[in-house]
>>> print(open('upload.cif').read())   # mmCIF, C-alpha atoms
data_model
loop_
_atom_site.label_atom_id
_atom_site.label_comp_id
_atom_site.auth_asym_id
_atom_site.auth_seq_id
_atom_site.Cartn_x
_atom_site.Cartn_y
_atom_site.Cartn_z
CA MET A 1239 -5.48 -18.22 -21.98
CA LYS A 1240 -2.05 -16.86 -22.74
CA ILE A 1241 -0.45 -15.99 -19.39
CA GLU A 1242 2.66 -13.83 -19.73
CA PRO A 1243 4.36 -11.00 -17.80
CA VAL A 1244 2.56 -7.68 -18.16
CA THR A 1245 2.52 -4.23 -16.54
CA LEU A 1246 -0.88 -2.89 -15.43
CA THR A 1247 -1.14 0.83 -14.68
CA GLY A 1248 -3.78 2.73 -12.72
CA GLN A 1249 -4.04 6.16 -11.13
CA LEU A 1250 -2.50 5.20 -7.78
CA VAL A 1251 -0.46 2.10 -8.52
CA ARG A 1252 1.39 0.23 -11.21
CA LEU A 1253 1.59 -3.55 -11.14
CA GLU A 1254 4.80 -4.78 -12.72
CA PRO A 1255 6.55 -8.17 -12.86
CA ILE A 1256 8.28 -8.73 -9.53
CA SER A 1257 12.06 -9.07 -9.43
CA GLU A 1258 14.98 -8.84 -7.04
CA THR A 1259 15.21 -5.10 -7.75
CA HIS A 1260 12.05 -4.62 -5.66
CA ILE A 1261 13.39 -6.31 -2.52
CA ALA A 1262 14.98 -3.24 -0.91
CA ASP A 1263 11.76 -1.23 -1.26
CA LEU A 1264 9.63 -4.07 0.03
CA ALA A 1265 11.86 -4.51 3.07
CA LEU A 1266 11.13 -0.93 4.09
CA VAL A 1267 7.37 -1.50 4.30
CA ALA A 1268 7.33 -5.12 5.49
CA THR A 1269 8.50 -4.64 9.09
CA ASN A 1270 5.11 -4.42 10.79
CA GLU A 1271 4.27 -7.88 12.18
CA SER A 1272 0.53 -7.27 11.79
CA ILE A 1273 0.91 -7.65 8.00
CA TRP A 1274 1.79 -11.31 8.40
CA SER A 1275 -0.78 -12.52 10.95
CA TYR A 1276 -2.66 -14.63 8.39
CA PHE A 1277 -0.14 -14.79 5.54
CA ALA A 1278 0.23 -18.34 4.25
CA SER A 1279 3.99 -18.02 3.62
CA GLY A 1280 4.76 -16.73 7.10
CA ALA A 1281 6.42 -13.44 8.08
CA LEU A 1282 8.67 -11.68 5.56
CA THR A 1283 10.15 -8.89 7.66
CA ASN A 1284 13.71 -8.71 6.33
CA GLU A 1285 15.57 -8.73 3.02
CA THR A 1286 16.73 -12.34 3.36
CA GLN A 1287 13.19 -13.65 3.78
CA LEU A 1288 11.90 -11.40 1.01
CA LYS A 1289 14.61 -12.54 -1.38
CA GLU A 1290 13.66 -16.20 -0.81
CA PHE A 1291 10.02 -15.25 -1.32
CA VAL A 1292 10.67 -13.36 -4.57
CA LEU A 1293 12.89 -16.12 -5.98
CA ASP A 1294 10.20 -18.68 -5.16
CA LEU A 1295 7.61 -16.55 -6.97
CA ARG A 1296 9.86 -16.27 -10.00
CA LYS A 1297 10.25 -20.07 -10.00
CA LYS A 1298 6.48 -20.53 -9.91
CA GLN A 1299 6.13 -18.05 -12.74
CA ALA A 1300 8.59 -20.09 -14.83
CA GLN A 1301 6.51 -23.20 -14.10
CA GLY A 1302 3.37 -21.42 -15.32
CA THR A 1303 1.39 -21.70 -12.06
CA ASP A 1304 1.69 -18.07 -10.93
CA LEU A 1305 2.11 -14.57 -12.35
CA PRO A 1306 3.47 -12.33 -9.55
CA PHE A 1307 3.45 -8.52 -9.43
CA ALA A 1308 5.19 -5.88 -7.36
CA VAL A 1309 2.77 -3.10 -6.40
CA ILE A 1310 4.41 0.24 -7.21
CA TYR A 1311 3.00 3.39 -5.64
CA ARG A 1312 3.15 5.79 -8.57
CA GLU A 1313 3.62 8.96 -6.47
CA THR A 1314 6.96 7.69 -5.14
CA GLY A 1315 7.92 5.01 -7.67
CA LYS A 1316 8.55 2.60 -4.79
CA ALA A 1317 7.32 -0.96 -4.30
CA ILE A 1318 4.81 -1.07 -1.43
CA GLY A 1319 3.52 -4.63 -1.61
CA CYS A 1320 2.87 -7.71 -3.74
CA THR A 1321 -0.01 -9.54 -5.37
CA ARG A 1322 -0.33 -12.26 -8.01
CA PHE A 1323 -2.35 -14.52 -10.22
CA MET A 1324 -2.07 -18.05 -8.87
CA GLU A 1325 -3.81 -21.45 -9.16
CA ILE A 1326 -3.88 -20.81 -12.92
CA ARG A 1327 -6.08 -23.36 -14.75
CA LYS A 1328 -5.81 -22.60 -18.44
CA GLU A 1329 -7.99 -25.48 -19.51
CA HIS A 1330 -10.86 -24.13 -17.40
CA ARG A 1331 -10.12 -20.44 -18.01
CA GLY A 1332 -9.85 -19.74 -14.31
CA LEU A 1333 -7.35 -18.40 -11.80
CA GLU A 1334 -7.01 -17.00 -8.30
CA ILE A 1335 -5.92 -13.56 -7.10
CA GLY A 1336 -3.90 -14.00 -3.91
CA GLY A 1337 -0.63 -13.65 -2.05
CA THR A 1338 -1.52 -10.00 -1.53
CA TRP A 1339 0.06 -7.76 1.07
CA TYR A 1340 0.75 -4.02 1.42
CA GLY A 1341 2.71 -1.84 3.83
CA VAL A 1342 0.59 -0.57 6.71
CA ALA A 1343 0.50 3.00 5.34
CA TYR A 1344 -1.30 1.75 2.22
CA GLN A 1345 -3.93 -0.39 3.90
CA ARG A 1346 -7.49 0.97 4.02
CA THR A 1347 -6.73 3.24 1.08
CA GLY A 1348 -7.64 3.01 -2.58
CA VAL A 1349 -4.57 0.87 -3.28
CA ASN A 1350 -6.21 -2.51 -2.79
CA THR A 1351 -9.36 -1.52 -4.66
CA GLU A 1352 -7.36 -0.34 -7.66
CA CYS A 1353 -5.11 -3.43 -7.61
CA LYS A 1354 -8.15 -5.70 -7.70
CA TYR A 1355 -9.71 -3.61 -10.47
CA LEU A 1356 -6.58 -3.82 -12.63
CA LEU A 1357 -6.19 -7.57 -12.06
CA LEU A 1358 -9.85 -8.40 -12.65
CA LYS A 1359 -10.00 -6.23 -15.77
CA HIS A 1360 -6.96 -8.00 -17.20
CA ALA A 1361 -8.29 -11.42 -16.24
CA PHE A 1362 -11.72 -11.00 -17.80
CA GLU A 1363 -11.06 -8.62 -20.69
CA VAL A 1364 -7.60 -9.75 -21.84
CA LEU A 1365 -7.09 -13.32 -20.64
CA GLY A 1366 -10.70 -14.34 -21.24
CA CYS A 1367 -11.30 -15.85 -17.81
CA ILE A 1368 -14.73 -17.14 -16.91
CA ARG A 1369 -13.92 -17.43 -13.17
CA VAL A 1370 -11.60 -15.59 -10.77
CA GLN A 1371 -11.48 -16.73 -7.15
CA LEU A 1372 -10.09 -15.34 -3.90
CA LYS A 1373 -9.67 -17.03 -0.54
CA THR A 1374 -8.80 -15.87 2.96
CA ASP A 1375 -8.34 -17.24 6.46
CA LEU A 1376 -11.67 -17.73 8.25
CA ARG A 1377 -10.18 -15.86 11.22
CA ASN A 1378 -9.37 -12.82 9.07
CA VAL A 1379 -12.67 -10.99 9.28
CA ARG A 1380 -11.13 -7.74 8.03
CA SER A 1381 -10.00 -9.43 4.81
CA GLN A 1382 -13.43 -10.97 4.31
CA ARG A 1383 -15.10 -7.57 4.61
CA ALA A 1384 -12.63 -6.09 2.12
CA ILE A 1385 -13.34 -8.85 -0.41
CA GLU A 1386 -17.08 -8.50 0.03
CA ARG A 1387 -16.80 -4.74 -0.35
CA ILE A 1388 -15.49 -5.10 -3.92
CA GLY A 1389 -18.44 -7.27 -4.91
CA ALA A 1390 -17.18 -10.86 -4.68
CA VAL A 1391 -19.66 -13.68 -4.06
CA ARG A 1392 -19.02 -15.74 -0.92
CA GLU A 1393 -19.10 -19.43 -1.87
CA GLY A 1394 -18.32 -21.21 1.37
CA VAL A 1395 -15.65 -22.53 3.72
CA LEU A 1396 -13.15 -25.30 3.05
CA ARG A 1397 -12.26 -26.74 6.44
CA HIS A 1398 -8.60 -27.45 7.19
CA GLN A 1399 -7.75 -26.26 3.68
CA MET A 1400 -4.07 -25.64 4.49
CA ILE A 1401 -1.52 -25.95 7.27
CA MET A 1402 -0.06 -22.60 8.30
CA PRO A 1403 3.68 -22.09 9.07
CA ASP A 1404 2.91 -22.27 12.80
CA GLY A 1405 1.12 -25.62 12.36
CA TYR A 1406 -2.41 -24.22 12.56
CA PHE A 1407 -5.04 -26.04 10.47
CA ARG A 1408 -6.54 -23.16 8.52
CA ASP A 1409 -10.14 -23.01 7.35
CA SER A 1410 -10.37 -20.88 4.18
CA VAL A 1411 -13.31 -18.80 2.99
CA TYR A 1412 -13.69 -18.86 -0.80
CA TYR A 1413 -15.08 -16.03 -2.93
CA SER A 1414 -15.43 -15.68 -6.68
CA PHE A 1415 -16.28 -13.50 -9.65
CA THR A 1416 -17.52 -14.91 -12.96
CA ASN A 1417 -17.50 -13.38 -16.42
CA ASP A 1418 -21.26 -12.83 -15.96
CA ASP A 1419 -20.54 -10.82 -12.79
CA TRP A 1420 -17.84 -8.68 -14.35
CA PRO A 1421 -19.94 -5.86 -15.92
CA ARG A 1422 -21.64 -5.24 -12.56
CA VAL A 1423 -18.41 -5.56 -10.57
CA LYS A 1424 -16.50 -3.33 -12.98
CA ALA A 1425 -19.03 -0.51 -12.61
CA HIS A 1426 -18.99 -0.95 -8.82
CA LEU A 1427 -15.18 -0.79 -8.60
CA GLU A 1428 -15.01 2.27 -10.84
CA LYS A 1429 -17.53 3.98 -8.57
CA LEU A 1430 -15.49 3.05 -5.49
CA LEU A 1431 -12.30 4.39 -7.07
CA GLY A 1432 -14.03 7.66 -7.94
CA SER A 1433 -15.30 8.01 -4.37
CA TYR A 1434 -11.83 7.30 -3.02
CA GLU A 1435 -10.25 10.04 -5.13
CA GLN A 1436 -12.80 12.55 -3.84
CA LYS A 1437 -12.27 11.42 -0.24
CA LEU A 1438 -8.49 11.54 -0.58
CA SER A 1439 -8.56 15.20 -1.55
CA THR A 1440 -10.17 16.19 1.77
CA GLN A 1441 -9.00 13.47 4.18
CA VAL A 1442 -6.57 14.35 6.96
CA ILE A 1443 -5.25 11.45 9.05
CA ASN A 1444 -3.63 12.37 12.34
CA TYR A 1445 -0.74 9.91 12.23
CA ALA A 1446 1.35 12.34 14.29
CA ALA A 1447 -0.76 11.53 17.35
CA ARG A 1448 0.51 7.93 17.14
CA LEU A 1449 4.17 8.87 16.61
CA THR A 1450 6.96 7.99 19.07
CA LEU A 1451 10.60 9.12 18.99
CA THR A 1452 13.29 7.13 20.80
CA PRO A 1453 17.11 7.01 20.58
CA LEU A 1454 18.55 4.62 18.00
CA GLN A 1455 19.42 1.45 19.89
CA THR A 1456 19.58 -1.78 17.92
CA ARG A 1457 21.47 -2.99 14.87
CA GLU A 1458 18.15 -3.80 13.23
CA GLU A 1459 17.02 -0.18 13.66
CA LEU A 1460 20.35 1.03 12.30
CA GLU A 1461 20.11 -1.10 9.15
CA LEU A 1462 16.47 -0.23 8.49
CA CYS A 1463 17.13 3.50 8.88
CA ALA A 1464 20.13 3.17 6.54
CA ARG A 1465 17.89 1.58 3.91
CA LEU A 1466 15.31 4.35 4.32
CA TYR A 1467 18.07 6.91 3.83
CA SER A 1468 19.82 5.36 0.84
CA ASN A 1469 16.62 4.41 -1.02
CA SER A 1470 14.83 7.77 -0.92
CA GLU A 1471 15.24 11.31 -2.13
CA PRO A 1472 17.03 13.66 -1.77
CA TRP A 1473 19.79 11.23 -0.78
CA ILE A 1474 19.63 9.27 -4.03
CA MET A 1475 20.20 12.53 -5.90
CA LEU A 1476 23.02 13.38 -3.48
CA LYS A 1477 24.59 9.95 -4.13
CA ARG A 1478 24.45 8.94 -0.47
CA ASP A 1479 24.56 5.15 -0.46
CA TYR A 1480 23.88 2.52 2.20
CA LYS A 1481 27.51 2.48 3.43
CA HIS A 1482 27.46 6.25 3.87
CA ALA A 1483 24.15 5.99 5.71
CA ILE A 1484 25.55 3.42 8.16
CA GLN A 1485 28.54 5.69 8.86
CA THR A 1486 26.33 8.74 9.37
CA LEU A 1487 23.92 6.95 11.68
CA SER A 1488 26.80 5.41 13.68
CA ASP A 1489 28.52 8.74 14.41
CA LYS A 1490 28.77 8.88 18.21
CA THR A 1491 29.02 12.70 18.21
CA SER A 1492 25.44 12.96 16.94
CA GLU A 1493 22.07 12.18 18.49
CA VAL A 1494 19.92 9.83 16.38
CA TYR A 1495 16.21 9.41 17.13
CA VAL A 1496 14.00 6.80 15.45
CA ALA A 1497 10.39 7.68 14.61
CA LYS A 1498 7.78 4.93 14.84
CA ALA A 1499 4.08 4.95 14.00
CA GLU A 1500 1.85 1.92 14.51
CA ASN A 1501 4.96 -0.10 15.51
CA GLU A 1502 6.61 0.63 12.16
CA ILE A 1503 9.80 2.66 11.68
CA VAL A 1504 8.69 5.59 9.54
CA GLY A 1505 11.77 7.83 9.71
CA PHE A 1506 14.54 9.27 11.83
CA ILE A 1507 16.25 12.53 12.69
CA ILE A 1508 19.94 13.23 13.41
CA LEU A 1509 20.94 16.17 15.61
CA SER A 1510 24.41 17.66 16.12
CA MET A 1511 24.66 19.15 19.60
CA GLN A 1512 28.42 19.75 19.54
CA GLY A 1513 30.85 21.99 17.66
CA ALA A 1514 30.35 25.34 15.96
CA PHE A 1515 26.72 24.70 15.00
CA VAL A 1516 25.14 23.44 18.20
CA GLY A 1517 21.58 22.62 17.27
CA TYR A 1518 22.23 21.55 13.70
CA ILE A 1519 19.67 19.17 12.23
CA GLN A 1520 21.90 17.00 10.10
CA THR A 1521 19.22 14.75 8.60
CA LEU A 1522 15.45 14.43 8.70
CA CYS A 1523 14.31 11.33 6.82
CA ILE A 1524 10.71 10.17 6.38
CA ALA A 1525 9.91 6.92 4.58
CA SER A 1526 8.42 7.67 1.18
CA SER A 1527 5.28 5.72 2.06
CA TRP A 1528 4.67 7.98 5.09
CA ARG A 1529 5.25 11.36 3.50
CA SER A 1530 2.50 13.97 3.14
CA LYS A 1531 0.95 12.86 6.45
CA GLY A 1532 2.32 15.63 8.68
CA LEU A 1533 5.00 13.46 10.30
CA GLY A 1534 7.93 15.60 9.14
CA SER A 1535 6.50 18.74 10.74
CA HIS A 1536 5.78 16.85 13.95
CA ILE A 1537 9.29 15.39 14.19
CA LEU A 1538 10.81 18.77 13.39
CA LYS A 1539 8.81 20.45 16.14
CA TRP A 1540 10.00 17.81 18.60
CA ALA A 1541 13.63 18.37 17.51
CA GLU A 1542 13.29 22.14 17.91
CA GLU A 1543 12.08 21.71 21.49
CA ARG A 1544 15.07 19.45 22.17
CA ILE A 1545 17.56 21.94 20.67
CA PHE A 1546 16.06 25.06 22.26
CA ARG A 1547 16.80 23.60 25.68
CA ASN A 1548 20.50 24.01 24.85
CA SER A 1549 20.77 26.67 22.18
CA PRO A 1550 18.86 29.70 20.86
CA ASN A 1551 19.31 28.57 17.25
CA VAL A 1552 18.25 25.67 15.10
CA PHE A 1553 20.20 25.16 11.86
CA MET A 1554 19.74 22.87 8.90
CA CYS A 1555 20.66 22.62 5.23
CA VAL A 1556 18.33 21.86 2.34
CA SER A 1557 19.34 21.09 -1.23
CA SER A 1558 18.50 23.70 -3.86
CA PHE A 1559 16.64 21.10 -5.96
CA ASN A 1560 14.44 20.06 -3.02
CA GLN A 1561 11.69 22.63 -3.56
CA ASP A 1562 9.07 20.85 -1.45
CA ALA A 1563 11.33 20.83 1.62
CA GLN A 1564 12.21 24.50 1.12
CA ARG A 1565 8.52 25.44 1.10
CA LEU A 1566 7.87 23.37 4.22
CA TYR A 1567 10.74 24.91 6.19
CA GLN A 1568 9.79 28.43 5.11
CA ARG A 1569 6.23 27.78 6.26
CA LEU A 1570 7.59 26.60 9.63
CA GLY A 1571 9.51 29.83 10.20
CA TYR A 1572 13.03 29.09 8.91
CA GLU A 1573 15.01 31.81 7.16
CA VAL A 1574 17.83 31.51 4.63
CA VAL A 1575 21.16 32.62 6.13
CA GLY A 1576 23.65 31.28 3.59
CA GLU A 1577 24.35 29.18 0.53
CA PHE A 1578 27.08 26.63 -0.22
CA ARG A 1579 27.36 26.39 -3.99
CA ASP A 1580 28.42 23.10 -5.60
CA TYR A 1581 28.90 21.77 -2.07
CA ILE A 1582 27.85 18.12 -2.53
CA ILE A 1583 27.07 17.78 -6.23
CA GLN A 1584 28.00 20.01 -9.15
CA GLY A 1585 25.33 22.48 -10.18
CA HIS A 1586 23.36 22.42 -6.93
CA SER A 1587 23.66 24.33 -3.68
CA GLU A 1588 23.07 23.49 -0.06
CA ILE A 1589 21.00 26.28 1.48
CA LEU A 1590 21.65 27.02 5.17
CA LEU A 1591 18.51 27.75 7.17
CA ARG A 1592 18.04 29.04 10.70
CA LYS A 1593 15.22 29.36 13.20
CA THR A 1594 16.11 31.45 16.21
CA LYS A 1595 14.94 32.58 19.60
CA GLY A 1596 17.72 35.14 19.98
CA PRO A 1597 21.46 35.81 19.60
CA LEU A 1598 24.20 33.69 21.14
CA SER A 1599 24.92 36.49 23.61
CA ASP A 1600 21.71 35.46 25.34
CA SER A 1601 22.75 31.81 25.46
CA GLN A 1602 23.24 31.82 29.24
CA GLN A 1603 19.48 31.34 29.54
CA PHE A 1604 19.83 27.95 27.88
CA LYS A 1605 20.87 25.18 30.22
CA LYS A 1606 23.01 22.19 29.41
CA ASP A 1607 21.43 18.73 29.70
#
>>> encode(input="upload.cif", output="structure tokens")
Amino acid sequence: MKIEPVTLTGQLVRLEPISETHIADLALVATNESIWSYFASGALTNETQLKEFVLDLRKKQAQGTDLPFAVIYRETGKAIGCTRFMEIRKEHRGLEIGGTWYGVAYQRTGVNTECKYLLLKHAFEVLGCIRVQLKTDLRNVRSQRAIERIGAVREGVLRHQMIMPDGYFRDSVYYSFTNDDWPRVKAHLEKLLGSYEQKLSTQVINYAARLTLTPLQTREELELCARLYSNSEPWIMLKRDYKHAIQTLSDKTSEVYVAKAENEIVGFIILSMQGAFVGYIQTLCIASSWRSKGLGSHILKWAEERIFRNSPNVFMCVSSFNQDAQRLYQRLGYEVVGEFRDYIIQGHSEILLRKTKGPLSDSQQFKKD
């Protein structure tokens, strides 16, 4: 078996050799503590911990014991998790798939199924493996069901197989695939992936029902929101970096509200309730992994209710290159009232939008908070 770095590409994801360039993306999706309940390396909820983790993986790769991958969600181009080949035994043509985790938004989707398909296909058809194993914590029933769902054979339990970071003596359940299993498993996984694509086209998940919005309070929230801002479009295109994001989010003349779903920060909104444009939505940012789930519309509706208590008008700007946002705002009843050409970057305009309940002359009906 010749084990060397490789990129594996599917319909949903791309598995590429992990590096420090992936850390910022991973930090955005790693904040939910539930990800780490059974993870053998312990929690990796910030960039410092993730950097140590990635550097350790790179060291193991250099030693020939592991081949780690960043999981890239192809729709956004962002890293949304990790997986790897480990316990590599060249002399016995065997290895383990493990160290796998994904951001909460990507769990119970086709991401894991496709990752396992790509890894197994490479292991059996390129590397020539005769055995691929997986293991999971005996307490992690959800993981066991997921492994069984993709066709792995349950082999048994190794008692006290490892000591967890909290000192717990973990019993591990072992599963495997062999080269004899692979034709059957391959057909099964391809069927699952086809079913997922069909389901995805009609599935609507009401994440908005689980959304909360609260004022920005902690330094941790500030830094995470700044990373969301500086690592996603349209702010990358607008050349808004992390330092600029910190300054914008720290402006005491603005109101900043953090959006959370399933205990994970998924975005934020900044409102200007002072000056000439009272009711100006300065920024609406949704994490790339949580887009296309209806959260932006829900947060915008909440912001409109907040603004209409004080002003008859809601204003915002959208970049001329951001066609998706323009269509969304038009659908939600915003009208174009102006254009600032070459305002932030050469060759692109900022389009001023308004949603109104009436002219300013009627503003006496709106009370001050």
>>> resolve_selection(input="upload.cif", expression="the PyMOL selection byres ((chain A and resi 1398) around 6)", output="PDB file with C-alpha atoms, in the coordinates of the input")
ATOM      1  CA  ARG A1397     -12.260 -26.740   6.440  1.00  0.00           C
ATOM      2  CA  GLN A1399      -7.750 -26.260   3.680  1.00  0.00           C
ATOM      3  CA  MET A1400      -4.070 -25.640   4.490  1.00  0.00           C
ATOM      4  CA  PHE A1407      -5.040 -26.040  10.470  1.00  0.00           C
ATOM      5  CA  ARG A1408      -6.540 -23.160   8.520  1.00  0.00           C
ATOM      6  CA  ASP A1409     -10.140 -23.010   7.350  1.00  0.00           C
TER       7      ASP A1409
END
>>> closest_residue(input="upload.cif", among="A:Val1349, A:Leu1476, A:Val1342, A:Val1395", to="Glu1271 of chain A", atoms="all atoms listed in the file")
A:Val1342
>>> residues_around(input="upload.cif", residues="Glu1459 of chain A", least_positions_apart="2", cutoff="12 Å", atoms="only C-alpha atoms", output="list in words")
Leu1266, Thr1269, Asn1284, Thr1452, Pro1453, Leu1454, Gln1455, Thr1456, Arg1457, Glu1461, Leu1462, Cys1463, Ala1464, Arg1465, Leu1466, Ile1484, Leu1487, Ser1488, Val1494, Tyr1495, Val1496, Ala1497, Lys1498, Glu1502, Ile1503, Val1504, Gly1505 and Phe1506 of chain A
>>> closest_residue(input="upload.cif", among="A:Ile1388, A:Ser1558, A:His1536, A:Glu1573", to="Arg1422 of chain A", atoms="all atoms listed in the file")
A:Ile1388
>>> residues_around(input="upload.cif", residues="Arg1377 of chain A", least_positions_apart="2", cutoff="12 Å", atoms="all atoms listed in the file", output="list of chain:residue names")
A:Ser1275, A:Tyr1276, A:Phe1277, A:Lys1373, A:Thr1374, A:Asp1375, A:Val1379, A:Arg1380, A:Ser1381, A:Gln1382, A:Arg1383, A:Val1395, A:Tyr1406, A:Phe1407, A:Arg1408, A:Asp1409, A:Ser1410, A:Val1411
>>> write_last_selection(input="upload.cif", atoms="C-alpha atoms", output="CSV table (one decimal), in the coordinates of the input")
chain,number,residue,atom,x,y,z
A,1275,SER,CA,-0.8,-12.5,11.0
A,1276,TYR,CA,-2.7,-14.6,8.4
A,1277,PHE,CA,-0.1,-14.8,5.5
A,1373,LYS,CA,-9.7,-17.0,-0.5
A,1374,THR,CA,-8.8,-15.9,3.0
A,1375,ASP,CA,-8.3,-17.2,6.5
A,1379,VAL,CA,-12.7,-11.0,9.3
A,1380,ARG,CA,-11.1,-7.7,8.0
A,1381,SER,CA,-10.0,-9.4,4.8
A,1382,GLN,CA,-13.4,-11.0,4.3
A,1383,ARG,CA,-15.1,-7.6,4.6
A,1395,VAL,CA,-15.6,-22.5,3.7
A,1406,TYR,CA,-2.4,-24.2,12.6
A,1407,PHE,CA,-5.0,-26.0,10.5
A,1408,ARG,CA,-6.5,-23.2,8.5
A,1409,ASP,CA,-10.1,-23.0,7.4
A,1410,SER,CA,-10.4,-20.9,4.2
A,1411,VAL,CA,-13.3,-18.8,3.0
>>> resolve_selection(input="upload.cif", expression="the PyMOL selection byres ((chain A and resi 1392) around 10)", output="list in words")
Gln1371, Leu1372, Lys1373, Gln1382, Ile1385, Glu1386, Gly1389, Ala1390, Val1391, Glu1393, Gly1394, Val1395, Val1411, Tyr1412, Tyr1413, Ser1414 and Phe1415 of chain A
>>> residues_around(input="upload.cif", residues="Ala1262 of chain A", least_positions_apart="5", cutoff="9 Å", atoms="all atoms listed in the file", output="list of chain:residue names")
A:Glu1285, A:Leu1288, A:Ala1317, A:Arg1465, A:Asn1469
>>> residues_around(input="upload.cif", residues="Thr1247 of chain A", least_positions_apart="6", cutoff="12 Å", atoms="all atoms listed in the file", output="MDAnalysis selection string")
chainID A and resid 1253:1255 1307:1312 1349 1352:1357 1359:1360
>>> residues_around(input="upload.cif", residues="Asn1560 of chain A", least_positions_apart="6", cutoff="10 Å", atoms="all atoms listed in the file", output="PyMOL selection string")
chain A and resi 1471-1472+1475+1588
